[in-house]
Each structure stands twice: as C-alpha cells, then as structure tokens.
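Asker: Input: one structure, supplied below.
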Number of protein chains: 2
Amino acid sequence: MGSEFELIDQAFRAGTTFRWPGTEVPNGDDASVHACEPGMAWAVSTDTAVCGVHWPGDFPLDQAADRAVCAALSDLAAMGAAARQVWVAATAPDAASMRRLGRGLCQAVQRFDLELAGGDTVRAAQTALTVTVAGVLPQACAMRRDAAKPGDDVWLAGRVGFSALGLERWLAGDRDPDMITAFARVEPLLATGIAIRELGVCCCIDISDGLAQDAGHVARATGVAMHLDLGACEGWPDLVAMSGESRATALALAGGDDYALLFTAPRRLRESLAGLAQRIGDCRPGAGVIVNLAGAPVDLPAHGFDHFVSETDA
Amino acid sequence: MGSEFELIDQAFRAGTTFRWPGTEVPNGDDASVHACEPGMAWAVSTDTAVCGVHWPGDFPLDQAADRAVCAALSDLAAMGAAARQVWVAATAPDAASMRRLGRGLCQAVQRFDLELAGGDTVRAAQTALTVTVAGVLPQACAMRRDAAKPGDDVWLAGRVGFSALGLERWLAGDRDPDMITAFARVEPLLATGIAIRELGVCCCIDISDGLAQDAGHVARATGVAMHLDLGACEGWPDLVAMSGESRATALALAGGDDYALLFTAPRRLRESLAGLAQRIGDCRPGAGVIVNLAGAPVDLPAHGFDHFVSETDA
C-alpha cells in the first residue's frame with residue numbers, strides 16, 4: 001500500500017466511525033472483534049465486483065462502490081439478517097479512483113448504519129471491490145433456499161428486469177437518471193427480509209442472476225417445481241411498456257442484478273404478506289421452473305445472467 | 001461467472017466440506033450462518049493479495065493462494081483467536097489459473113481445519129484473492145496493538161527478514177526450495193497467539209510490513225517507546241550469514257511478509273513465555289522505535305514494506 005493510499009484509507013475510516021455496541025476492537029487493529037450475542041447467529045457473505053465485469057468501465061466509481069455494498073447487503077436480506085458490519089478490500093490503479101470508491105463506500109455504509117470494521121486498499125491495474133458483510137439474526141431462524149414446500153405460495157418482493165434495462169440504456173449512451181437508476185442504485189430489501197422472517201417465512205433467495213435462474217436454485221435445492229406467473233410481478237406492465245413484451249420477458253427472467261427477494265410461504269400467511277410482496281406463483285410436487293404469461297407458457301432462457309462482458313468473451 | 005468457473009467453484013466446495021458445529025447454513029446459500037457461542041467473540045479480518053503486487057507474476061498460483069489464506073490467518077493469530085471460517089473471492093483470467101488458486105486454497109483450508117463458508121469466483125484480467133477469515137476467542141480477551149505498558153518486555157515469536165530474502169532470491173531466479181520456502185510458505189502462529197493470550201498477554205501485532213513499521217504501530221497506538229535488540233531476534237546469525245549484516249538489518253526491519261508475532265508482557269511472565277518466543281526488548285516511557293545491534297543504535301528505514309512492485313511504480 002503506497003502512502004497516498006494509506007491516507008485515503010484513513011479518510012475511509014474517518015468518514016465511517018459508527019460502531020455497534022458489541023464491537024470490542026474496531027477497525028484499525030489486525031482484526032476487528034465483536035462480542036457474540038446469546039441466542040443470535042451471524043450471517044456472512046462475500047461478493048466481488050470488478051470494473052468492466054460488474055459495472056461498465058465508464059460508470060462512476062462512487063456509484064459502483066455503493067452498488068457493491070448494497071448487492072452484498074441483499075444477501076443478508078435474503079437470510080432475514082439485520083446488517084451490522086462491512087469489510088472492504090479495494091484495488092484501483094490510482095489515488096483518484098480509490099478516493100471515488102471510498103466516497104461511494106462511505107455513502108452506503110452511512111445509509112445502512114453499517115460499521116466499517118476493516119479493509120484493505122491496494123494499488124493494482126484493475127479496479128475492483130470485494131465486500132464482506134455480516135449481520136445478525138436469532139439462531140435457527142435463517143431463511144434458506146432449500147426450505148420450500150409443495151403447496152407453498154411463491155412471492156416476489158421488489159421488481160425484476162429494470163436493472164438490466166437500465167444497464168442496457170447506459171451501454172447505449174443514455175444518461176437519463178430515471179432510466180438508469182434501477183441499475184445504478186441497488187436497494188437491498190433488509191427490512192422486508194426481517195419482516196418476512198419474523199412472520200415465519202423459511203425459504204428465501206435474492207434475485208441476482210435473473211428470476212429463472214434463482215427460482216431454479218430454490219427448485220433444485222428443495223426438490224419442488226416452481227410455477228410462476230410473470231404478469232403478476234410488480235411493475236410488469238411498466239417493463240413491457242418500456243421494452244416490449246419479448247424483451248421484458250428476457251430482462252425479467254435472465255436480466256440479473258435485481259436484488260429482489262423471492263420467497264415461499266404457506267397459504268395461511270397470505271394476508272400478512274400481502275403488503276410486503278407480490279404473490280407470483282406456487283410450489284408443486286415435481287422439479288424445475290415453469291413460467292406462464294397470460295396463461296401461456298414462456299420459454300426459459302438457457303442461461304441466467306452472465307456478466308455483460310463475459311457474455312461476449314466467455 | 002461463466003459456467004466453467006461455476007464448475008471450478010463447485011470443485012472448491014467439494015474439496016472443503018468441513019463444517020464447524022455451530023454452522024447453521026453452510027456455503028452455498030446467499031450467506032453462511034453461524035450460531036454465536038455465549039461468552040465468545042468473533043475476530044474478523046480481510047486481506048487482498050494481487051498477482052504482481054503481493055506475489056511475483058511467475059510464482060505458482062497454488063502457493064500464492066495458500067500464502068494469502070495464511071497471511072489472513074496471521075491476523076487472527078495476533079488477536080489470540082482460534083481460526084474457524086474463511087470466505088474467498090478470487091478473480092483470474094482463465095479456468096486453469098482459477099483451478100490452481102483453488103488447489104492452494106483447499107490445501108490451506110484443510111491444513112488449518114477451516115470451514116470454507118462462502119466465496120465468489122469472477123473471470124477478470126487480474127489474478128487476485130481477497131480472503132476474509134473469522135475466528136473465535138473469549139470476550140474481552142483480544143490482544144490489541146494499543147495495550148503495551150512502560151516496563152513491559154517486548155517479545156518476538158517467529159523470524160523476521162527471511163521471507164523478504166526468499167522473495168529477493170526468487171526474483172533473482174533462484175528456485176532452490178530451501179531458499180524460497182520462507183516466502184512461499186507462511187506459517188500463521190495461531191497456536192502461539194492462543195497460548196500467549198491464555199497466559200495473559202494483552203498487546204500483540206503481526207509483523208507483515210517489517211519489524212520497524214509494525215513496532216511503530218504499537219508504539220504509536222499505545223504511547224510508549226519500543227526499545228529493540230535486533231541481535232536477539234530468532235535466526236539473526238543465520239540471516240546475517242546469508243545476506244550480510246547491512247542487508248540483514250534492512251530485511252528484518254523493513255522486509256515484510258514475516259507473519260511473526262510481536263507482543264509485550266509484564267516481567268512476571270518471563271518464565272512462562274520463554275519457550276514460546278524471544279525476548280527482544282522493552283517498552284519505556286516515550287515514543288517511537290529504537291533499535292540496537294550489539295549495543296550500537298541502528299538507523300531505521302524511512303518506510304516499511306511497500307509491495308515490491310509498488311516500490312518501483314509508486
């Protein structure tokens with residue numbers, strides 16, 4: 001780490017001094033140390049975001065860093081955890097880039113009352129961020145992807161397809177903030193995750209690789225068939241209006257980067273869940289994902305979201 | 001993530017199925033979930049290692065990955081924690097490189113009874129690993145860098161200078177395993193960290209950026225002067241024999257990547273600690289790091305270890 005980076009590193013920390021009460025040793029030592037709360041469990045997830053893979057090379061780095069933190073938080077949302085700490089490893093070729101990453105990072109850290117518990121800044125050719133997040137939830141309550149049951153309803157909180165559409169528009173040169181916000185600004189559904197867990201939901205996944213692929217993960221992990229009605233998804237008419245039905249279908253099923261929550265729940269929870277999500281289908285004995293639109297079956301894409309650069313060079 | 005990488009990712013997991021009993025949700029869901037143990041605390045640290053910065057471009061990637069895990073574990077050793085989980089984010093340009101990183105990762109994970117609790121593999125131009133490790137220790141017992149006291153002895157567990165010498169030899173084309181092992185094979189002093197914490201040591205740091213710089217961190221964080229006798233360090237005569245006194249001094253004080261443990265302790269612990277480390281100095285009222293060799297003061301290097309590539313391009 002060059003000394004210029006060290007200064008930036010200190011600036012990161014200065015901008016984010018919030019600590020959770022259980023923290024015994026904060027950022028700045030060899031490791032951070034956090035007291036365990038009796039009866040609670042830790043949920044931890046790591047995500048890497050690389051310039052040119054997870055965001056376009058001309059995308060503002062502060063927004064890229066904000067997104068990277070939020071994408072990692074979405075994994076905690078899917079478990080039903082309350083977010084607590086974040087550790088960030090950043091590489092960038094120059095101090096200006098690192099500073100911009102730091103600005104976006106601090107924004108996200110402050111917006112979600114996170115504690116920046118550690119990190120690492122390295123000068124390297126590639127601009128990339130690895131974000132590790134930790135959250136807490138009561139023991140034996142985590143929502144998992146292998147806990148669906150035949151007969152469960154399938155619910156979707158948040159919208160799918162809009163982020164991929166926003167990215168498409170960005171890549172086409174469109175800089176209208178309204179159009180690209182869905183890509184640029186990830187809103188991890190942390191409060192929804194906690195609320196549905198508290199209502200008794202056991203099975204949840206975050207939609208990061210497209211509705212079809214992530215529903216497939218649940219179907220496979222659990223051993224059920226997931227029957228989904230695309231038209232029941234929140235915002236579907238808008239997506240069709242903006243991109244046409246055929247493109248809307250591809251964006252929703254395989255667009256990726258939605259960070260919506262897909263979950264299943266017994267019918268008795270219908271009333272309680274109605275204000276939190278859209279009911280888009282049900283689980284049946286069998287296997288796989290079956291998608292319908294206006295009563296007719298929809299062909300599934302062969303693949304989910306491979307990052308846009310990989311699609312061309314894979 | 002391309003599907004080839006996905007297969008490799010699955011191979012990583014298959015090679016490392018060990019789980020700690022408290023793990024409620026293992027690798028493979030949106031996040032891993034781990035039950036908290038009453039009275040215990042979590043220590044967490046993140047480190048990034050980049051090809052061409054933290055290891056030479058022609059260094060075997062499996063050894064590079066093994067080193068990266070061990071370097072992160074050294075941070076847990078410095079806190080006195082027992083290692084438990086690891087989360088690894090890896091980027092590489094091709095499947096062969098990713099597979100080699102995975103092999104080294106699995107080696108280290110198995111050697112230290114770690115649980116591979118999560119990760120991410122991304123195809124990208126740069127080969128890099130970000131390793132997050134978690135360990136446990138009793139609450140309010142973590143060794144910190146700001147807990148030295150005037151009158152404390154200063155101890156060093158492990159050797160300094162040999163890793164930097166091994167790297168020098170590697171860069172000069174020397175492939176004799178005996179010469180480069182000190183660089184290639186990091187041995188995190190986890191058992192020593194736990195042992196000294198249990199004996200009552202409160203102040204410890206791992207030496208990753210050279211003895212002078214890391215001793216300086218303790219001196220600054222605590223507000224003491226650290227007086228060190230270089231000749232008392234383990235292996236000093238060997239280092240001098242291999243590289244000459246002047247080079248040995250530079251390597252020990254500013255070489256870096258040693259992953260030795262520097263700690264301080266009251267005099268009453270001398271006997272108990274004698275088998276675990278070398279006593280190399282003491283803490284006095286004042287500030288800074290004062291190094292002596294055979295009774296004469298040694299000039300300190302202006303900087304600690306800046307990664308060898310950064311030294312040329314910073």
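By order in the structure tokens, chains are A, B, ...; within a chain, residues start at 1; ligands start at 1, following the order shown.
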I'd like the superposed chain A, fitted onto chain B by least squares over all Cα atoms in order, as a tab-separated table (two decimals) with C-alpha atoms, in the first residue's frame.

Answerer:
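Below is the file that was written, out-v5.tsv:
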```
chain	number	residue	atom	x	y	z
A	1	MET	CA	-19.42	-16.09	-13.53
A	2	GLY	CA	-19.00	-18.32	-16.56
A	3	SER	CA	-20.25	-21.86	-16.32
A	4	GLU	CA	-16.71	-23.22	-16.43
A	5	PHE	CA	-15.94	-21.11	-13.37
A	6	GLU	CA	-19.10	-22.39	-11.77
A	7	LEU	CA	-17.78	-25.93	-12.09
A	8	ILE	CA	-14.51	-24.89	-10.52
A	9	ASP	CA	-16.44	-23.15	-7.78
A	10	GLN	CA	-18.24	-26.42	-7.10
A	11	ALA	CA	-14.88	-28.19	-7.08
A	12	PHE	CA	-13.62	-25.76	-4.42
A	13	ARG	CA	-16.56	-26.63	-2.26
A	14	ALA	CA	-16.32	-30.35	-2.82
A	15	GLY	CA	-12.69	-30.24	-1.68
A	16	THR	CA	-13.58	-28.48	1.53
A	17	THR	CA	-16.66	-29.87	3.19
A	18	PHE	CA	-15.55	-29.43	6.78
A	19	ARG	CA	-18.05	-27.51	8.96
A	20	TRP	CA	-17.80	-26.24	12.48
A	21	PRO	CA	-20.66	-27.48	14.67
A	22	GLY	CA	-22.20	-24.01	15.13
A	23	THR	CA	-22.75	-23.53	11.41
A	24	GLU	CA	-26.48	-23.42	10.68
A	25	VAL	CA	-26.27	-22.62	6.97
A	26	PRO	CA	-23.08	-23.67	5.19
A	27	ASN	CA	-21.53	-22.44	1.94
A	28	GLY	CA	-23.98	-22.47	-0.95
A	29	ASP	CA	-26.77	-20.18	0.22
A	30	ASP	CA	-26.91	-16.37	-0.05
A	31	ALA	CA	-24.88	-16.13	3.17
A	32	SER	CA	-23.46	-18.61	5.64
A	33	VAL	CA	-24.98	-18.55	9.13
A	34	HIS	CA	-23.13	-19.38	12.33
A	35	ALA	CA	-24.59	-19.64	15.82
A	36	CYS	CA	-22.92	-17.40	18.39
A	37	GLU	CA	-21.30	-19.08	21.36
A	38	PRO	CA	-22.17	-17.47	24.70
A	39	GLY	CA	-19.24	-15.61	26.21
A	40	MET	CA	-17.27	-15.68	22.99
A	41	ALA	CA	-16.34	-13.02	20.48
A	42	TRP	CA	-15.67	-13.13	16.73
A	43	ALA	CA	-12.46	-11.80	15.24
A	44	VAL	CA	-12.67	-10.99	11.53
A	45	SER	CA	-10.06	-9.79	9.07
A	46	THR	CA	-9.88	-9.21	5.32
A	47	ASP	CA	-6.76	-9.21	3.15
A	48	THR	CA	-6.30	-8.82	-0.57
A	49	ALA	CA	-3.40	-10.37	-2.48
A	50	VAL	CA	-2.83	-9.36	-6.09
A	51	CYS	CA	-0.58	-11.07	-8.63
A	52	GLY	CA	2.35	-8.81	-9.43
A	53	VAL	CA	1.90	-6.88	-6.20
A	54	HIS	CA	1.86	-9.43	-3.39
A	55	TRP	CA	3.49	-12.24	-5.30
A	56	PRO	CA	5.66	-12.30	-8.44
A	57	GLY	CA	3.91	-12.93	-11.75
A	58	ASP	CA	5.82	-16.19	-12.24
A	59	PHE	CA	5.05	-17.57	-8.77
A	60	PRO	CA	2.90	-20.74	-8.66
A	61	LEU	CA	-0.72	-19.74	-8.10
A	62	ASP	CA	-1.48	-22.58	-5.70
A	63	GLN	CA	1.32	-21.40	-3.43
A	64	ALA	CA	0.12	-17.82	-3.81
A	65	ALA	CA	-3.38	-18.81	-2.70
A	66	ASP	CA	-2.05	-20.86	0.22
A	67	ARG	CA	0.03	-17.85	1.29
A	68	ALA	CA	-2.94	-15.50	1.02
A	69	VAL	CA	-5.03	-17.63	3.37
A	70	CYS	CA	-2.13	-17.98	5.82
A	71	ALA	CA	-1.43	-14.25	5.78
A	72	ALA	CA	-5.05	-13.59	6.72
A	73	LEU	CA	-4.86	-16.22	9.47
A	74	SER	CA	-1.84	-14.43	10.91
A	75	ASP	CA	-4.15	-11.51	11.71
A	76	LEU	CA	-6.31	-13.86	13.79
A	77	ALA	CA	-3.17	-15.21	15.48
A	78	ALA	CA	-2.27	-11.67	16.53
A	79	MET	CA	-5.64	-11.28	18.26
A	80	GLY	CA	-5.32	-14.66	20.01
A	81	ALA	CA	-8.28	-16.14	18.14
A	82	ALA	CA	-8.85	-19.75	17.05
A	83	ALA	CA	-9.47	-19.84	13.29
A	84	ARG	CA	-12.86	-21.07	12.13
A	85	GLN	CA	-14.21	-19.83	8.79
A	86	VAL	CA	-12.84	-18.43	5.55
A	87	TRP	CA	-14.61	-16.65	2.68
A	88	VAL	CA	-12.65	-16.30	-0.54
A	89	ALA	CA	-13.23	-14.05	-3.53
A	90	ALA	CA	-11.01	-14.93	-6.47
A	91	THR	CA	-10.51	-13.29	-9.85
A	92	ALA	CA	-8.50	-14.88	-12.65
A	93	PRO	CA	-8.34	-14.56	-16.42
A	94	ASP	CA	-8.84	-18.24	-17.23
A	95	ALA	CA	-10.03	-21.54	-15.83
A	96	ALA	CA	-6.54	-23.01	-15.43
A	97	SER	CA	-5.46	-20.13	-13.19
A	98	MET	CA	-8.65	-20.33	-11.17
A	99	ARG	CA	-8.18	-24.06	-10.71
A	100	ARG	CA	-4.66	-23.54	-9.39
A	101	LEU	CA	-5.82	-20.87	-6.99
A	102	GLY	CA	-8.49	-23.29	-5.83
A	103	ARG	CA	-5.97	-26.04	-5.23
A	104	GLY	CA	-3.84	-23.83	-2.99
A	105	LEU	CA	-6.88	-22.53	-1.21
A	106	CYS	CA	-8.11	-26.05	-0.43
A	107	GLN	CA	-4.67	-27.03	0.84
A	108	ALA	CA	-4.62	-24.20	3.35
A	109	VAL	CA	-8.26	-24.67	4.33
A	110	GLN	CA	-7.65	-28.33	5.12
A	111	ARG	CA	-4.33	-27.77	6.87
A	112	PHE	CA	-5.92	-25.39	9.38
A	113	ASP	CA	-9.32	-27.11	9.79
A	114	LEU	CA	-11.05	-24.11	8.29
A	115	GLU	CA	-14.59	-24.10	7.01
A	116	LEU	CA	-14.90	-22.60	3.52
A	117	ALA	CA	-18.08	-20.71	4.32
A	118	GLY	CA	-18.52	-18.77	1.10
A	119	GLY	CA	-16.89	-17.22	-1.88
A	120	ASP	CA	-17.08	-15.78	-5.29
A	121	THR	CA	-15.17	-16.55	-8.50
A	122	VAL	CA	-15.02	-13.94	-11.26
A	123	ARG	CA	-13.32	-14.02	-14.64
A	124	ALA	CA	-11.23	-10.86	-14.87
A	125	ALA	CA	-7.90	-9.75	-16.31
A	126	GLN	CA	-6.17	-9.56	-12.95
A	127	THR	CA	-5.44	-12.56	-10.77
A	128	ALA	CA	-6.26	-11.67	-7.18
A	129	LEU	CA	-7.64	-13.17	-4.00
A	130	THR	CA	-9.48	-11.49	-1.17
A	131	VAL	CA	-9.53	-13.68	1.90
A	132	THR	CA	-11.80	-12.97	4.84
A	133	VAL	CA	-11.21	-15.08	7.95
A	134	ALA	CA	-13.17	-15.40	11.16
A	135	GLY	CA	-12.05	-16.86	14.45
A	136	VAL	CA	-13.33	-17.09	17.99
A	137	LEU	CA	-11.93	-16.14	21.37
A	138	PRO	CA	-13.38	-15.39	24.81
A	139	GLN	CA	-15.00	-11.97	25.14
A	140	ALA	CA	-12.84	-9.06	26.31
A	141	CYS	CA	-9.62	-11.05	25.85
A	142	ALA	CA	-8.45	-10.00	22.41
A	143	MET	CA	-4.83	-8.87	22.18
A	144	ARG	CA	-4.62	-5.38	20.72
A	145	ARG	CA	-1.87	-3.14	19.45
A	146	ASP	CA	-2.69	-0.33	21.87
A	147	ALA	CA	-2.25	-2.21	25.13
A	148	ALA	CA	1.52	-2.07	25.79
A	149	LYS	CA	2.74	-0.62	29.10
A	150	PRO	CA	6.02	1.07	30.00
A	151	GLY	CA	8.06	-1.58	31.73
A	152	ASP	CA	6.69	-4.41	29.61
A	153	ASP	CA	9.13	-6.73	27.91
A	154	VAL	CA	8.93	-6.93	24.12
A	155	TRP	CA	8.82	-10.43	22.64
A	156	LEU	CA	9.02	-11.78	19.11
A	157	ALA	CA	7.62	-15.18	18.08
A	158	GLY	CA	8.85	-16.30	14.69
A	159	ARG	CA	11.61	-14.97	12.47
A	160	VAL	CA	11.90	-11.73	10.54
A	161	GLY	CA	13.75	-10.98	7.29
A	162	PHE	CA	13.77	-14.47	5.84
A	163	SER	CA	10.60	-14.06	3.79
A	164	ALA	CA	11.90	-10.91	2.11
A	165	LEU	CA	15.22	-12.65	1.48
A	166	GLY	CA	13.37	-15.59	-0.07
A	167	LEU	CA	11.46	-13.23	-2.33
A	168	GLU	CA	14.69	-11.47	-3.35
A	169	ARG	CA	16.18	-14.82	-4.30
A	170	TRP	CA	13.06	-15.79	-6.25
A	171	LEU	CA	13.17	-12.52	-8.18
A	172	ALA	CA	16.87	-13.19	-8.91
A	173	GLY	CA	15.91	-16.52	-10.49
A	174	ASP	CA	16.82	-18.79	-7.57
A	175	ARG	CA	14.40	-21.73	-7.37
A	176	ASP	CA	16.11	-23.63	-4.55
A	177	PRO	CA	13.14	-24.60	-2.34
A	178	ASP	CA	15.13	-24.13	0.87
A	179	MET	CA	15.86	-20.54	-0.07
A	180	ILE	CA	12.36	-19.54	-1.03
A	181	THR	CA	10.32	-21.49	1.49
A	182	ALA	CA	10.32	-18.60	3.91
A	183	PHE	CA	8.51	-16.55	1.29
A	184	ALA	CA	6.45	-19.31	-0.26
A	185	ARG	CA	5.15	-20.91	2.90
A	186	VAL	CA	3.62	-18.66	5.53
A	187	GLU	CA	3.08	-20.30	8.91
A	188	PRO	CA	0.47	-18.32	10.84
A	189	LEU	CA	1.31	-18.62	14.54
A	190	LEU	CA	-2.21	-19.46	15.62
A	191	ALA	CA	-1.25	-21.79	18.48
A	192	THR	CA	1.28	-19.28	19.79
A	193	GLY	CA	-1.31	-16.50	19.65
A	194	ILE	CA	-3.77	-18.53	21.70
A	195	ALA	CA	-1.09	-19.66	24.15
A	196	ILE	CA	0.19	-16.17	24.91
A	197	ARG	CA	-3.35	-14.79	25.22
A	198	GLU	CA	-4.15	-17.53	27.72
A	199	LEU	CA	-1.02	-16.58	29.68
A	200	GLY	CA	-2.36	-13.03	29.97
A	201	VAL	CA	-0.67	-11.18	27.11
A	202	CYS	CA	-2.80	-8.15	26.12
A	203	CYS	CA	-0.75	-6.47	23.39
A	204	CYS	CA	0.22	-8.17	20.14
A	205	ILE	CA	0.60	-7.36	16.45
A	206	ASP	CA	1.59	-9.44	13.48
A	207	ILE	CA	4.70	-8.38	11.60
A	208	SER	CA	3.62	-8.04	8.00
A	209	ASP	CA	5.27	-4.75	6.97
A	210	GLY	CA	8.65	-5.13	8.67
A	211	LEU	CA	9.64	-5.12	12.33
A	212	ALA	CA	10.28	-1.36	12.46
A	213	GLN	CA	6.95	-0.30	10.99
A	214	ASP	CA	4.83	-2.73	12.97
A	215	ALA	CA	6.64	-1.99	16.23
A	216	GLY	CA	5.94	1.65	15.36
A	217	HIS	CA	2.22	0.88	15.20
A	218	VAL	CA	2.33	-0.47	18.75
A	219	ALA	CA	4.43	2.45	19.98
A	220	ARG	CA	2.05	4.98	18.45
A	221	ALA	CA	-1.20	3.24	19.39
A	222	THR	CA	-0.04	2.79	22.98
A	223	GLY	CA	2.13	5.82	23.62
A	224	VAL	CA	5.39	4.08	24.59
A	225	ALA	CA	8.91	3.86	23.21
A	226	MET	CA	9.82	0.39	21.95
A	227	HIS	CA	13.50	-0.46	22.52
A	228	LEU	CA	14.54	-3.48	20.46
A	229	ASP	CA	17.74	-5.50	20.19
A	230	LEU	CA	17.97	-6.82	16.64
A	231	GLY	CA	20.57	-9.41	17.59
A	232	ALA	CA	18.11	-11.07	19.98
A	233	CYS	CA	15.71	-11.97	17.17
A	234	GLU	CA	15.42	-15.65	16.37
A	235	GLY	CA	17.66	-16.67	13.47
A	236	TRP	CA	19.56	-13.38	13.34
A	237	PRO	CA	23.01	-15.01	12.95
A	238	ASP	CA	21.66	-17.12	10.06
A	239	LEU	CA	20.18	-14.09	8.33
A	240	VAL	CA	23.51	-12.26	8.64
A	241	ALA	CA	25.37	-15.31	7.36
A	242	MET	CA	23.10	-15.48	4.31
A	243	SER	CA	22.91	-11.82	3.39
A	244	GLY	CA	25.50	-9.77	5.34
A	245	GLU	CA	24.80	-7.55	8.33
A	246	SER	CA	23.72	-4.44	6.44
A	247	ARG	CA	21.25	-6.29	4.19
A	248	ALA	CA	20.07	-8.44	7.11
A	249	THR	CA	19.25	-5.28	9.04
A	250	ALA	CA	17.16	-3.88	6.18
A	251	LEU	CA	15.40	-7.21	5.61
A	252	ALA	CA	14.53	-7.65	9.28
A	253	LEU	CA	13.39	-4.09	9.87
A	254	ALA	CA	11.60	-3.38	6.59
A	255	GLY	CA	11.43	-6.61	4.62
A	256	GLY	CA	7.84	-7.53	5.32
A	257	ASP	CA	5.68	-10.63	4.91
A	258	ASP	CA	7.17	-12.24	8.02
A	259	TYR	CA	3.91	-13.02	9.80
A	260	ALA	CA	5.79	-13.21	13.08
A	261	LEU	CA	4.08	-12.01	16.26
A	262	LEU	CA	5.43	-9.04	18.20
A	263	PHE	CA	3.97	-8.72	21.68
A	264	THR	CA	4.59	-7.11	25.03
A	265	ALA	CA	4.18	-8.62	28.48
A	266	PRO	CA	4.92	-7.78	32.11
A	267	ARG	CA	8.16	-9.16	33.54
A	268	ARG	CA	6.33	-11.69	35.69
A	269	LEU	CA	5.51	-13.66	32.52
A	270	ARG	CA	9.16	-14.11	31.51
A	271	GLU	CA	9.44	-17.69	32.59
A	272	SER	CA	6.15	-18.79	31.07
A	273	LEU	CA	6.89	-17.10	27.75
A	274	ALA	CA	10.48	-18.26	27.40
A	275	GLY	CA	9.57	-21.36	25.37
A	276	LEU	CA	7.19	-19.49	23.06
A	277	ALA	CA	9.16	-16.51	21.83
A	278	GLN	CA	12.38	-14.49	22.02
A	279	ARG	CA	12.62	-11.53	24.37
A	280	ILE	CA	13.98	-8.75	22.15
A	281	GLY	CA	13.49	-5.55	24.11
A	282	ASP	CA	11.34	-3.49	26.42
A	283	CYS	CA	8.80	-0.66	26.49
A	284	ARG	CA	9.79	2.63	28.10
A	285	PRO	CA	8.10	5.95	28.62
A	286	GLY	CA	8.47	7.98	25.44
A	287	ALA	CA	7.69	7.43	21.79
A	288	GLY	CA	8.97	5.69	18.69
A	289	VAL	CA	11.07	2.63	17.94
A	290	ILE	CA	14.73	2.48	18.97
A	291	VAL	CA	16.70	-0.43	17.55
A	292	ASN	CA	20.13	-1.53	18.77
A	293	LEU	CA	22.53	-4.07	17.38
A	294	ALA	CA	25.45	-5.24	19.55
A	295	GLY	CA	24.93	-2.16	21.72
A	296	ALA	CA	25.03	0.38	18.88
A	297	PRO	CA	21.96	2.21	17.53
A	298	VAL	CA	20.68	1.22	14.11
A	299	ASP	CA	19.27	3.76	11.64
A	300	LEU	CA	15.64	2.95	10.90
A	301	PRO	CA	14.43	2.66	7.31
A	302	ALA	CA	12.21	5.57	6.26
A	303	HIS	CA	9.47	3.19	5.17
A	304	GLY	CA	8.24	-0.26	5.90
A	305	PHE	CA	7.41	-2.78	3.27
A	306	ASP	CA	5.73	-1.29	0.22
A	307	HIS	CA	4.90	-4.21	-2.00
A	308	PHE	CA	7.81	-4.88	-4.29
A	309	VAL	CA	6.08	-3.69	-7.41
A	310	SER	CA	4.85	-0.50	-5.75
A	311	GLU	CA	8.42	0.32	-4.81
A	312	THR	CA	9.22	0.85	-8.45
A	313	ASP	CA	5.98	2.45	-9.61
A	314	ALA	CA	4.82	4.41	-6.56
```

Asker: If you run DSSP on this backbone, which residues of segment 38-281 of chain A come out as alpha helix (DSSP H), and could you give them as a PyMOL selection string?

Answerer: chain A and resi 61-79+95-111+162-171+177-184+190-199+211-222+236-243+245-254+270-273

Asker: So that I can check the secondary structure, give me every residue of segment 59-206 of chain A assigned strand (DSSP E) by backbone DSSP, as a PDB file with C-alpha atoms, in the first residue's frame.

Answerer:
```pdb
ATOM      1  CA  ALA A  82     -30.033  -7.249  10.272  1.00  0.00           C
ATOM      2  CA  ALA A  83     -26.891  -5.745   8.732  1.00  0.00           C
ATOM      3  CA  ARG A  84     -24.076  -4.830  11.102  1.00  0.00           C
ATOM      4  CA  GLN A  85     -20.504  -4.827   9.774  1.00  0.00           C
ATOM      5  CA  VAL A  86     -18.737  -4.472   6.447  1.00  0.00           C
ATOM      6  CA  TRP A  87     -15.132  -5.226   5.468  1.00  0.00           C
ATOM      7  CA  VAL A  88     -13.976  -3.836   2.141  1.00  0.00           C
ATOM      8  CA  ALA A  89     -10.961  -4.719   0.023  1.00  0.00           C
ATOM      9  CA  ALA A  90     -10.415  -2.297  -2.838  1.00  0.00           C
ATOM     10  CA  THR A  91      -7.939  -2.274  -5.702  1.00  0.00           C
ATOM     11  CA  ALA A  92      -7.505   0.682  -8.040  1.00  0.00           C
ATOM     12  CA  GLU A 115     -19.789  -0.367  10.841  1.00  0.00           C
ATOM     13  CA  LEU A 116     -16.723  -0.328   8.571  1.00  0.00           C
ATOM     14  CA  ALA A 117     -14.877  -2.961  10.567  1.00  0.00           C
ATOM     15  CA  GLY A 118     -11.845  -3.453   8.348  1.00  0.00           C
ATOM     16  CA  GLY A 119     -10.413  -3.297   4.908  1.00  0.00           C
ATOM     17  CA  ASP A 120      -7.503  -3.206   2.611  1.00  0.00           C
ATOM     18  CA  THR A 121      -6.544  -0.834  -0.212  1.00  0.00           C
ATOM     19  CA  VAL A 122      -4.100  -1.991  -2.880  1.00  0.00           C
ATOM     20  CA  ARG A 123      -2.737  -0.199  -5.925  1.00  0.00           C
ATOM     21  CA  ALA A 128     -12.348  -3.979  -8.040  1.00  0.00           C
ATOM     22  CA  LEU A 129     -14.073  -4.223  -4.698  1.00  0.00           C
ATOM     23  CA  THR A 130     -14.625  -7.239  -2.505  1.00  0.00           C
ATOM     24  CA  VAL A 131     -17.277  -6.562   0.091  1.00  0.00           C
ATOM     25  CA  THR A 132     -17.826  -8.841   3.061  1.00  0.00           C
ATOM     26  CA  VAL A 133     -20.900  -8.128   5.167  1.00  0.00           C
ATOM     27  CA  ALA A 134     -22.053  -9.547   8.476  1.00  0.00           C
ATOM     28  CA  GLY A 135     -25.476  -9.376  10.031  1.00  0.00           C
ATOM     29  CA  VAL A 136     -27.291 -10.881  12.981  1.00  0.00           C
ATOM     30  CA  LEU A 137     -30.492 -12.835  13.388  1.00  0.00           C
ATOM     31  CA  PRO A 138     -31.934 -15.201  16.010  1.00  0.00           C
ATOM     32  CA  ASP A 153     -47.136 -19.797  -2.408  1.00  0.00           C
ATOM     33  CA  VAL A 154     -44.272 -18.097  -4.224  1.00  0.00           C
ATOM     34  CA  TRP A 155     -43.793 -14.394  -3.511  1.00  0.00           C
ATOM     35  CA  LEU A 156     -41.603 -11.702  -5.002  1.00  0.00           C
ATOM     36  CA  ALA A 157     -40.598  -8.530  -3.141  1.00  0.00           C
ATOM     37  CA  CYS A 203     -37.353 -20.096   2.305  1.00  0.00           C
ATOM     38  CA  CYS A 204     -35.926 -17.057   0.535  1.00  0.00           C
ATOM     39  CA  ILE A 205     -33.300 -16.192  -2.077  1.00  0.00           C
ATOM     40  CA  ASP A 206     -32.175 -12.921  -3.551  1.00  0.00           C
TER      41      ASP A 206
END
```
